[in-house]
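Taking it in order: structure first as structure tokens, then the write-up.
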Amino acid sequence: MIKNGNHTTEDERDGAGCSKSAGSECSSEKRKRFIRVWCDGCYDMVHYGHSNQLRQAKAMGDCLIVGVHTDAEISKHKGPPVFTQEERYKMVRAIKWVDDIVEGAPYVTTLETLDKYNCDFCVHGDDITLTVDGKDTYEEVKQADRYRECKRTQGVSTTDLVGRMLLMTKAHHSNLDNPDYREHADNFGKGPKGNSPWTGVSQFLQTSQKIIQFASGKEPQPGDTIIYVAGAFDLFHIGHVDFLEMVYKRAERPYVIVGLHFDQQVNRYKGKNYPIMNIHERTLSVLACRYVSEVVIGAPYTVDKDLLDHFKVDLVFHGKTEVFPDKDGSDPYTEPKKRGIFWTIDSGNNLTTDDIVQRIIENRLHYEVRNQKKEAKEMAVIEAMRRREQAQQSQCPDRSSH
């Protein structure tokens, strides 16, 4: 088992093969017995919001099992996903708080599913997930008191990311007041009768606490091989995961440092509307990966002597993607090449951020319709809840008359 970018030792593993939570606060009840937690979902276009949900869920127990739905199930209830089920399975496995996954988990969470995988309860965000006919997918486990809630991560959603990809402007990741972006986002985040609190766009605000929650906090140890890789790692996807996994496996005791370039630097060599995610969002996305030990936020484009010496880098890797020259036309990997520590590695996965954007653009109208339907179902639920609350209030006697 790999944990926080390092192999979990036998002492850190429980009898069920799950890694123990490190540094999390445990209740007296949790200390008495081993708690298995269940999460499930589509996990399509996995982003740091998904990772944060799984981080919170893992903190509620000792072992986190994640069920991932098939393409057929998602298509039935929401519409075809952006990523295939095999891609989604691998993405979820790469999140460092996940102990095991269940492929092809049912869309509706039942007590039978929890019992089958020996889970005490399931955890979901404070939004709502509905079936094709508008029913709460967690209704059964809620009634049985085997449901827990975690806070939804503000500032990111699959809907929002799709909107960013379809809007070709360099300012989308820094200016939510841009009227063009707001208008386009509204097409994705608003139904015909209002605005759902669970779908739409809000601004992400990075904090030091959030970085601490995502970071492993582990320093390199004597005998570790310090590996450095750099790039944009935008819309962190399965292509990145395959590359980092292969890099990780190049050493017996790897300590992988990822250098993330600032937004302006990424836009210089990628152009168009890149990066889709800003530096703060990309930081959390990469930190959530189990193959990563540390992230350099705003790394210099050229991997120079100072950087290599500061981190005591043993190996530098780059994938098969094109290496763009620095502003002065120089090769950014001149120094590691001179030292004989630079290697090009082929992960066997040719998926790029451009490919993902193309998937979205080619299915633009489909995704707009899908999200509008999702919004409409959510608004119907909100209206039903409001009417139920009004009915209950009208049935209560007027206390002021007593």
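Every chain in the structure tokens takes a letter, A first, then B, and so on in the order presented; its residues are numbered from 1, and the ligands are numbered from 1 following the presented order.
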Mind running region 211-324 of chain A against region 91-111 of chain A at 8 Å and telling me each contacting residue's nearest atom pair with the distance in Å (one decimal), counting only C-alpha atoms, chain and number ascending, as a tab-separated table?
residue	atom	partner	partner_atom	distance
A:His237	CA	A:Met91	CA	7.1
A:Ile238	CA	A:Met91	CA	5.9
A:Val241	CA	A:Ala94	CA	7.0
A:Ala288	CA	A:Ile95	CA	5.6
A:Cys289	CA	A:Ile95	CA	4.9
A:Arg290	CA	A:Lys96	CA	4.2
A:Tyr291	CA	A:Ala94	CA	7.6
Dump all heavy atoms for the selected residues as a PDB file, in the first residue's frame?
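Below is the file that was written, again-v2.pdb:
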ATOM      1  N   HIS A 237      -4.845  14.801 -14.719  1.00  0.00           N
ATOM      2  CA  HIS A 237      -5.586  13.704 -15.340  1.00  0.00           C
ATOM      3  C   HIS A 237      -4.773  12.413 -15.384  1.00  0.00           C
ATOM      4  O   HIS A 237      -3.650  12.347 -14.875  1.00  0.00           O
ATOM      5  CB  HIS A 237      -6.045  14.117 -16.743  1.00  0.00           C
ATOM      6  CG  HIS A 237      -4.929  14.593 -17.642  1.00  0.00           C
ATOM      7  ND1 HIS A 237      -3.980  13.754 -18.169  1.00  0.00           N
ATOM      8  CD2 HIS A 237      -4.609  15.842 -18.098  1.00  0.00           C
ATOM      9  CE1 HIS A 237      -3.137  14.430 -18.928  1.00  0.00           C
ATOM     10  NE2 HIS A 237      -3.485  15.715 -18.896  1.00  0.00           N
ATOM     11  N   ILE A 238      -5.360  11.409 -16.032  1.00  0.00           N
ATOM     12  CA  ILE A 238      -4.779  10.071 -16.025  1.00  0.00           C
ATOM     13  C   ILE A 238      -3.422  10.031 -16.722  1.00  0.00           C
ATOM     14  O   ILE A 238      -2.553   9.225 -16.374  1.00  0.00           O
ATOM     15  CB  ILE A 238      -5.767   9.058 -16.673  1.00  0.00           C
ATOM     16  CG1 ILE A 238      -5.330   7.615 -16.429  1.00  0.00           C
ATOM     17  CG2 ILE A 238      -5.953   9.337 -18.147  1.00  0.00           C
ATOM     18  CD1 ILE A 238      -5.356   7.219 -14.974  1.00  0.00           C
ATOM     19  N   VAL A 241      -1.044  10.969 -14.068  1.00  0.00           N
ATOM     20  CA  VAL A 241      -0.932   9.877 -13.094  1.00  0.00           C
ATOM     21  C   VAL A 241      -0.011   8.779 -13.616  1.00  0.00           C
ATOM     22  O   VAL A 241       0.875   8.287 -12.898  1.00  0.00           O
ATOM     23  CB  VAL A 241      -2.325   9.295 -12.754  1.00  0.00           C
ATOM     24  CG1 VAL A 241      -2.194   7.986 -11.985  1.00  0.00           C
ATOM     25  CG2 VAL A 241      -3.135  10.307 -11.945  1.00  0.00           C
ATOM     26  N   ALA A 288      -2.633  15.835  -3.966  1.00  0.00           N
ATOM     27  CA  ALA A 288      -3.531  14.722  -3.638  1.00  0.00           C
ATOM     28  C   ALA A 288      -3.059  13.395  -4.224  1.00  0.00           C
ATOM     29  O   ALA A 288      -3.558  12.339  -3.840  1.00  0.00           O
ATOM     30  CB  ALA A 288      -4.947  15.023  -4.136  1.00  0.00           C
ATOM     31  N   CYS A 289      -2.098  13.437  -5.137  1.00  0.00           N
ATOM     32  CA  CYS A 289      -1.621  12.221  -5.794  1.00  0.00           C
ATOM     33  C   CYS A 289      -0.671  11.440  -4.875  1.00  0.00           C
ATOM     34  O   CYS A 289       0.272  12.005  -4.313  1.00  0.00           O
ATOM     35  CB  CYS A 289      -0.914  12.575  -7.093  1.00  0.00           C
ATOM     36  SG  CYS A 289      -0.281  11.132  -7.992  1.00  0.00           S
ATOM     37  N   ARG A 290      -0.879  10.153  -4.754  1.00  0.00           N
ATOM     38  CA  ARG A 290      -0.097   9.321  -3.843  1.00  0.00           C
ATOM     39  C   ARG A 290       1.359   9.170  -4.260  1.00  0.00           C
ATOM     40  O   ARG A 290       2.192   8.754  -3.460  1.00  0.00           O
ATOM     41  CB  ARG A 290      -0.747   7.946  -3.667  1.00  0.00           C
ATOM     42  CG  ARG A 290      -0.783   7.097  -4.902  1.00  0.00           C
ATOM     43  CD  ARG A 290      -1.229   5.652  -4.592  1.00  0.00           C
ATOM     44  NE  ARG A 290      -2.638   5.572  -4.210  1.00  0.00           N
ATOM     45  CZ  ARG A 290      -3.051   5.309  -2.975  1.00  0.00           C
ATOM     46  NH1 ARG A 290      -2.190   5.137  -1.990  1.00  0.00           N
ATOM     47  NH2 ARG A 290      -4.337   5.215  -2.713  1.00  0.00           N
ATOM     48  N   TYR A 291       1.678   9.488  -5.503  1.00  0.00           N
ATOM     49  CA  TYR A 291       3.063   9.340  -5.959  1.00  0.00           C
ATOM     50  C   TYR A 291       3.899  10.589  -5.724  1.00  0.00           C
ATOM     51  O   TYR A 291       5.097  10.598  -6.011  1.00  0.00           O
ATOM     52  CB  TYR A 291       3.080   8.997  -7.454  1.00  0.00           C
ATOM     53  CG  TYR A 291       2.251   7.780  -7.787  1.00  0.00           C
ATOM     54  CD1 TYR A 291       1.131   7.875  -8.612  1.00  0.00           C
ATOM     55  CD2 TYR A 291       2.565   6.529  -7.252  1.00  0.00           C
ATOM     56  CE1 TYR A 291       0.362   6.761  -8.903  1.00  0.00           C
ATOM     57  CE2 TYR A 291       1.798   5.417  -7.535  1.00  0.00           C
ATOM     58  CZ  TYR A 291       0.687   5.535  -8.363  1.00  0.00           C
ATOM     59  OH  TYR A 291      -0.082   4.428  -8.633  1.00  0.00           O
TER      60      TYR A 291
END
Would you tabulate, counting only C-alpha atoms, all residues of region 257-315 of chain A that have an atom at most 7 Å from an atom of region 209-223 of chain A, showing the closest pair of atoms and their distance in Å to one decimal, sorted by chain then ascending number, as a Markdown table?
| residue | atom | partner | partner_atom | distance |
| --- | --- | --- | --- | --- |
| A:Leu284 | CA | A:Phe214 | CA | 6.6 |
| A:Leu287 | CA | A:Ala215 | CA | 5.9 |
| A:Ala288 | CA | A:Phe214 | CA | 6.2 |
| A:Ser293 | CA | A:Ser216 | CA | 6.7 |
For Lys305 (chain A): contacts at 10 Å, only C-alpha atoms, fewer than 2 positions along chain excluded, given as a short mmCIF file (atom, residue, chain, number, x, y, z; two decimals) with N, CA, C and O atoms, in the first residue's frame:
data_model
loop_
_atom_site.label_atom_id
_atom_site.label_comp_id
_atom_site.auth_asym_id
_atom_site.auth_seq_id
_atom_site.Cartn_x
_atom_site.Cartn_y
_atom_site.Cartn_z
N THR A 302 13.46 27.18 -15.83
CA THR A 302 14.74 26.51 -16.05
C THR A 302 15.18 25.78 -14.78
O THR A 302 15.21 26.37 -13.70
N VAL A 303 15.47 24.51 -14.93
CA VAL A 303 15.92 23.70 -13.80
C VAL A 303 17.42 23.97 -13.63
O VAL A 303 18.27 23.31 -14.24
N LEU A 307 18.38 25.22 -7.90
CA LEU A 307 17.25 24.33 -7.59
C LEU A 307 17.75 22.91 -7.32
O LEU A 307 17.33 22.29 -6.32
N LEU A 308 18.61 22.41 -8.16
CA LEU A 308 19.11 21.04 -8.00
C LEU A 308 19.88 20.88 -6.70
O LEU A 308 19.72 19.86 -5.99
N ASP A 309 20.68 21.88 -6.36
CA ASP A 309 21.48 21.80 -5.13
C ASP A 309 20.60 21.97 -3.89
O ASP A 309 20.81 21.30 -2.87
N HIS A 310 19.63 22.88 -3.97
CA HIS A 310 18.76 23.14 -2.81
C HIS A 310 17.99 21.88 -2.40
O HIS A 310 17.92 21.56 -1.21
N THR A 334 19.30 22.17 -19.39
CA THR A 334 20.74 22.15 -19.66
C THR A 334 21.55 21.64 -18.48
O THR A 334 22.43 20.78 -18.63
N GLU A 335 21.28 22.14 -17.27
CA GLU A 335 22.06 21.77 -16.09
C GLU A 335 21.91 20.29 -15.72
O GLU A 335 22.91 19.60 -15.52
N PRO A 336 20.68 19.77 -15.61
CA PRO A 336 20.57 18.33 -15.29
C PRO A 336 21.16 17.44 -16.38
O PRO A 336 21.69 16.36 -16.08
N ARG A 339 24.83 17.27 -15.80
CA ARG A 339 25.16 16.41 -14.66
C ARG A 339 24.91 14.93 -14.94
O ARG A 339 25.22 14.07 -14.11
#
Next on the checklist: For Glu112 (chain A), find every residue with an atom within 12 Å (counting only C-alpha atoms), except residues of its own chain fewer than 3 positions away, and show them as JSON, numbers by chain.
Outcome noted: {"A": [105, 106, 108, 109, 115, 116, 117, 118, 119, 120, 121, 140, 141, 144, 146]}
